[in-house]
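File shown: coords_24.txt. Contents: compact mmCIF, C-alpha atoms.
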```txt
# COMPACT_ATOMS: atom_id res chain seq x y z
CA MET A 278 -11.54 6.22 -17.20
CA ASN A 279 -11.62 6.82 -13.45
CA GLY A 280 -11.40 4.27 -10.66
CA THR A 281 -15.10 4.37 -9.81
CA ALA A 282 -16.05 3.42 -13.37
CA HIS A 283 -13.50 0.59 -13.45
CA ALA A 284 -14.84 -0.77 -10.15
CA ALA A 285 -18.41 -0.58 -11.42
CA ILE A 286 -17.59 -2.43 -14.64
CA GLY A 287 -15.69 -5.08 -12.68
CA ALA A 288 -18.66 -5.49 -10.33
CA ALA A 289 -20.94 -5.94 -13.35
CA ALA A 290 -18.59 -8.65 -14.65
CA GLY A 291 -18.82 -10.41 -11.29
CA TYR A 292 -22.62 -10.23 -11.41
CA VAL A 293 -22.68 -11.75 -14.90
CA VAL A 294 -20.44 -14.62 -13.78
CA ALA A 295 -22.58 -15.17 -10.68
CA ASN A 296 -25.70 -15.46 -12.82
CA THR A 297 -23.91 -17.76 -15.27
CA VAL A 298 -22.95 -20.24 -12.52
CA HIS A 299 -26.30 -19.78 -10.73
CA ALA A 300 -24.60 -18.62 -7.55
CA SER A 301 -26.42 -18.17 -4.24
CA PRO A 302 -27.14 -14.60 -3.02
CA SER A 303 -24.17 -14.66 -0.64
CA THR A 304 -21.81 -16.00 -3.33
CA THR A 305 -23.18 -13.44 -5.78
CA LEU A 306 -22.30 -10.68 -3.33
CA LEU A 307 -18.80 -12.13 -2.98
CA LEU A 308 -18.28 -12.35 -6.74
CA VAL A 309 -19.55 -8.80 -7.29
CA GLY A 310 -17.05 -7.58 -4.67
CA LEU A 311 -14.20 -9.58 -6.20
CA GLY A 312 -15.07 -8.27 -9.65
CA SER A 313 -15.02 -4.70 -8.36
CA VAL A 314 -11.61 -5.12 -6.72
CA SER A 315 -10.19 -6.97 -9.74
CA GLY A 316 -11.35 -4.10 -11.93
CA LEU A 317 -9.03 -1.80 -9.98
CA ILE A 318 -6.00 -4.11 -9.77
CA PRO A 319 -4.30 -3.03 -13.05
CA ASP A 320 -4.04 0.53 -11.72
CA LEU A 321 -1.87 -0.59 -8.81
CA ASP A 322 0.99 0.58 -11.05
CA ILE A 323 0.35 4.17 -10.01
CA ASP A 324 3.58 4.19 -7.99
CA GLY A 325 5.48 4.04 -11.27
CA LYS A 326 7.13 6.85 -13.22
CA LEU A 327 3.99 8.56 -14.54
CA ARG A 328 2.51 9.76 -11.25
CA ASP A 329 1.08 12.84 -12.95
CA ARG A 330 -1.30 10.75 -15.05
CA LEU A 331 -2.93 8.59 -12.43
CA THR A 332 -6.36 7.01 -12.64
CA LEU A 333 -6.73 6.45 -8.90
CA SER A 334 -6.40 9.14 -6.23
CA HIS A 335 -4.27 8.79 -3.13
CA GLU A 336 -7.42 8.24 -1.06
CA VAL A 337 -8.56 5.35 -3.27
CA VAL A 338 -5.12 3.71 -3.15
CA ARG A 339 -5.09 4.02 0.63
CA THR A 340 -8.56 2.48 0.79
CA VAL A 341 -7.49 -0.44 -1.44
CA ALA A 342 -4.42 -1.03 0.75
CA GLN A 343 -6.63 -1.03 3.86
CA ILE A 344 -9.11 -3.42 2.24
CA ILE A 345 -6.26 -5.81 1.42
CA GLY A 346 -5.15 -5.64 5.07
CA ILE A 347 -8.67 -6.33 6.33
CA LEU A 348 -9.13 -9.24 3.92
CA MET A 349 -5.82 -10.70 5.11
CA ILE A 350 -7.06 -10.49 8.71
CA ILE A 351 -10.29 -12.31 7.80
CA TYR A 352 -8.54 -14.89 5.63
CA SER A 353 -5.90 -15.59 8.30
CA PHE A 354 -8.59 -16.04 10.96
CA TYR A 355 -10.42 -18.72 8.99
CA GLU A 356 -7.62 -20.47 7.09
CA GLY A 357 -4.44 -20.39 9.18
CA SER A 358 -3.17 -22.66 11.93
CA PRO A 359 -3.12 -21.04 15.43
CA LYS A 360 0.40 -19.67 14.88
CA GLU A 361 -0.21 -18.64 11.27
CA LYS A 362 -3.57 -17.13 12.23
CA TRP A 363 -2.15 -14.63 14.71
CA LEU A 364 0.84 -13.80 12.50
CA GLY A 365 -1.44 -13.14 9.52
CA ILE A 366 -3.80 -11.04 11.64
CA ALA A 367 -0.87 -9.02 13.01
CA ILE A 368 0.43 -8.36 9.47
CA GLY A 369 -3.06 -7.37 8.29
CA ILE A 370 -3.53 -4.96 11.20
CA SER A 371 -0.08 -3.47 10.59
CA MET A 372 -0.84 -2.98 6.87
CA THR A 373 -4.16 -1.30 7.68
CA ALA A 374 -2.60 1.03 10.23
CA ILE A 375 0.51 1.91 8.23
CA SER A 376 -1.45 2.59 5.01
CA ALA A 377 -3.32 5.36 6.82
CA LYS A 378 -0.07 7.23 7.51
CA ILE A 379 2.49 6.57 4.77
CA LYS A 380 2.85 8.59 1.60
CA GLN A 381 1.55 7.35 -1.74
CA LYS A 382 5.09 7.01 -3.08
CA HIS A 383 5.83 4.16 -0.68
CA MET A 384 2.36 2.79 0.04
CA LEU A 385 2.17 0.08 -2.59
CA THR A 386 5.72 -1.14 -2.01
CA ILE A 387 5.05 -1.62 1.70
CA THR A 388 1.66 -3.17 0.94
CA GLY A 389 3.33 -5.64 -1.44
CA ILE A 390 5.89 -6.60 1.19
CA GLY A 391 3.10 -7.12 3.73
CA VAL A 392 1.05 -9.29 1.38
CA LEU A 393 4.15 -11.32 0.45
CA ALA A 394 5.00 -11.83 4.14
CA GLY A 395 1.41 -12.85 4.84
CA GLY A 396 1.46 -15.33 1.98
CA ILE A 397 4.67 -16.90 3.23
CA SER A 398 3.36 -17.16 6.80
CA LEU A 399 0.09 -18.75 5.61
CA GLN A 400 1.85 -20.82 2.94
CA GLU A 401 -0.61 -19.58 0.33
CA LEU A 402 0.87 -19.42 -3.17
CA TRP A 403 -1.78 -17.03 -4.52
CA LEU A 404 -1.04 -14.54 -1.75
CA ILE A 405 2.71 -14.79 -2.34
CA LEU A 406 2.21 -14.19 -6.05
CA PHE A 407 -0.14 -11.28 -5.37
CA GLY A 408 2.48 -9.71 -3.13
CA ILE A 409 5.01 -10.06 -5.94
CA TYR A 410 2.49 -8.52 -8.36
CA ILE A 411 2.00 -5.49 -6.09
CA LEU A 412 5.74 -5.04 -5.68
CA ILE A 413 6.27 -5.11 -9.45
CA ALA A 414 3.35 -2.73 -9.97
CA SER A 415 4.85 -0.25 -7.51
CA PHE A 416 7.95 0.18 -9.70
CA VAL A 417 6.71 0.07 -13.30
CA SER A 418 5.25 2.94 -15.30
CA HIS A 419 1.51 3.56 -15.30
CA ARG A 420 -0.41 1.67 -18.00
CA SER A 421 2.54 -0.53 -18.88
CA TYR A 422 3.05 -4.14 -17.76
CA THR A 423 -0.02 -4.38 -15.54
CA HIS A 424 -2.06 -3.33 -18.59
CA SER A 425 -0.46 -5.91 -20.90
CA ILE A 426 -1.07 -9.53 -21.88
CA LEU A 427 1.74 -10.48 -19.48
CA GLY A 428 -0.20 -8.79 -16.69
CA VAL A 429 -3.35 -10.71 -17.64
CA ILE A 430 -1.48 -14.03 -17.63
CA PHE A 431 0.18 -13.33 -14.28
CA PHE A 432 -3.06 -12.22 -12.65
CA GLY A 433 -4.89 -15.15 -14.25
CA PHE A 434 -2.45 -17.52 -12.55
CA ILE A 435 -3.00 -15.74 -9.23
CA SER A 436 -6.77 -15.99 -9.73
CA ALA A 437 -6.56 -19.71 -10.49
CA LYS A 438 -4.64 -20.36 -7.27
CA PHE A 439 -7.05 -18.13 -5.33
CA ASP A 440 -9.99 -20.05 -6.80
CA GLY A 441 -8.38 -23.33 -5.80
CA SER A 442 -7.85 -22.06 -2.27
CA LEU A 443 -11.42 -20.82 -1.79
CA GLY A 444 -13.11 -23.61 -3.72
CA ILE A 445 -16.00 -21.34 -4.77
CA GLU A 446 -17.28 -21.66 -8.34
CA GLY A 447 -16.89 -18.51 -10.41
CA VAL A 448 -14.01 -16.91 -8.50
CA PHE A 449 -11.43 -17.46 -11.25
CA TYR A 450 -13.67 -16.19 -14.04
CA THR A 451 -14.82 -13.21 -11.98
CA CYS A 452 -11.28 -12.08 -11.10
CA LEU A 453 -10.05 -12.55 -14.66
CA ALA A 454 -13.11 -10.86 -16.22
CA GLY A 455 -12.81 -7.90 -13.84
CA TYR A 456 -9.12 -7.49 -14.70
CA ILE A 457 -9.67 -7.76 -18.46
CA SER A 458 -12.61 -5.34 -18.30
CA HIS A 459 -10.19 -2.70 -17.00
CA LEU A 460 -7.88 -3.15 -19.98
CA ILE A 461 -10.75 -2.99 -22.46
CA ALA A 462 -12.06 0.20 -20.85
CA ASP A 463 -8.60 1.80 -21.16
CA LEU A 464 -8.18 1.10 -24.88
CA LYS A 465 -7.30 4.09 -27.02
CA LEU A 466 -9.89 2.83 -29.50
CA LEU A 467 -12.60 4.18 -27.22
CA PRO A 468 -13.42 7.85 -27.92
CA PHE A 469 -13.15 9.04 -24.30
CA ASN A 470 -9.56 7.78 -23.86
CA LYS A 471 -6.71 10.10 -24.88
CA ARG A 472 -4.16 7.41 -24.04
CA GLY A 473 -4.19 3.68 -24.62
CA ILE A 474 -2.43 0.66 -23.19
CA LYS A 475 0.77 -1.11 -24.22
CA LEU A 476 -0.88 -4.50 -24.54
CA PHE A 477 2.02 -6.32 -26.19
CA LEU A 478 4.91 -5.33 -23.91
CA PRO A 479 7.79 -6.08 -24.07
CA ILE A 480 7.48 -6.98 -27.78
CA SER A 481 5.85 -3.68 -28.70
CA SER A 482 5.42 -0.41 -26.78
CA LYS A 483 2.75 0.92 -29.15
CA GLU A 484 -0.41 2.10 -27.42
CA ILE A 485 -3.70 0.69 -28.67
```

Represent the supplied structure as structure tokens.
Amino acid sequence: MNGTAHAAIGAAAGYVVANTVHASPSTTLLLVGLGSVSGLIPDLDIDGKLRDRLTLSHEVVRTVAQIIGILMIIYSFYEGSPKEKWLGIAIGISMTAISAKIKQKHMLTITGIGVLAGGISLQELWLILFGIYILIASFVSHRSYTHSILGVIFFGFISAKFDGSLGIEGVFYTCLAGYISHLIADLKLLPFNKRGIKLFLPISSKEI
């Protein structure tokens, strides 16, 4: 399944959560956006060993990296102290600018370092963990650990911390539902998928 489909399914998951918690129109828009992004997160492993079997194109990866940089700028502006604010904004601008020029091979690694640095400067645990997630994803094979139960647990923990930081109802469930929807859509059990996911790594490498 391609990236557009994953984003659309994730957005739908966000919409369902928004309706479940009776969110306001503005919060609904936020949850739909978070669901869409979360639906793409598992494919951040495209910098791994199987670059010839990628779900996302270079352009999409570059766009995701730029979105992360922009979100860091916005988040730093509203959440950081004066010193942390300008440092976070500078990192976000640097990530946005660099992602437009660097090659795909190194894009996610540099993005992960930027997110990790931003998390440390803002003292935000969810951002630190997300930076670590991106760094790990940039080195593992496609459809491996980010598409496993371990990936779900790790991202679930990130989502819980993110939810706690924002304090908006539905954020945790939206992020987790968007992520899980990606794994379900990539199952080999579905007729349009030639490959599956290694859900039980490292215990089993069998694709399902």

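For stretch 445-451 of chain A, the set of protein, DNA and RNA residues having any atom at most 7 Å away, when counting all atoms listed in the file and skipping those fewer than 5 positions along the same chain, is Ala290, Gly291, Val294, Ala295, Val298, Leu308, Leu311, Gly312, Ser436, Ala437 and Asp440 of chain A.
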
As an exercise, work out the distance from atom CA of A:Ala289 to atom CA of A:Ile318 in Å and give it to one decimal place.
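Pair atom CA of A:Ala289 / atom CA of A:Ile318 returns 15.5 Å.
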
Would you pick out the contacts of A:Ile413 at 9 Å or less, using all atoms listed in the file, so that residues sharing its chain but fewer than 5 positions from it are not included, and give the list as a PyMOL selection string? chain A and resi 322+386+389+408+422-423

Create the file for the chosen residues now, containing C-alpha atoms and written as a PDB file, in the coordinates of the input.
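And here is the file that came out, out-v1.pdb:
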```pdb
ATOM      1  CA  ASP A 322       0.990   0.580 -11.050  1.00  0.00           C
ATOM      2  CA  THR A 386       5.720  -1.140  -2.010  1.00  0.00           C
ATOM      3  CA  GLY A 389       3.330  -5.640  -1.440  1.00  0.00           C
ATOM      4  CA  GLY A 408       2.480  -9.710  -3.130  1.00  0.00           C
ATOM      5  CA  TYR A 422       3.050  -4.140 -17.760  1.00  0.00           C
ATOM      6  CA  THR A 423      -0.020  -4.380 -15.540  1.00  0.00           C
TER       7      THR A 423
END
```

Could you produce a table of the residues of stretch 390-437 of chain A lying within 10 Å of stretch 452-461 of chain A, with the nearest pair of atoms per residue and their separation in Å rounded to one decimal, using all atoms listed in the file, ordered by chain and increasing residue number, as a tab-separated table?
```
residue	atom	partner	partner_atom	distance
A:Arg420	CA	A:Leu460	CA	9.1
A:Thr423	CA	A:Leu460	CA	9.1
A:His424	CA	A:Leu460	CA	6.0
A:Ser425	CA	A:Leu460	CA	8.0
A:Ile426	CA	A:Ile457	CA	9.4
A:Gly428	CA	A:Tyr456	CA	9.2
A:Val429	CA	A:Ile457	CA	7.0
A:Ile430	CA	A:Leu453	CA	9.2
A:Phe432	CA	A:Leu453	CA	7.3
A:Gly433	CA	A:Leu453	CA	5.8
A:Phe434	CA	A:Leu453	CA	9.3
A:Ile435	CA	A:Cys452	CA	9.2
A:Ser436	CA	A:Cys452	CA	6.1
A:Ala437	CA	A:Leu453	CA	9.0
```

Judged by all atoms listed in the file, the minimum distance to A:Gly395 among A:Ser481, A:Leu348, A:Ser418, A:Ala374 is found for A:Leu348

Residue with the minimum atom-to-atom distance to A:Ile480, picked from A:Ala462, A:Gly365, A:Ser353, A:Leu427 with all atoms listed in the file counted, is A:Leu427
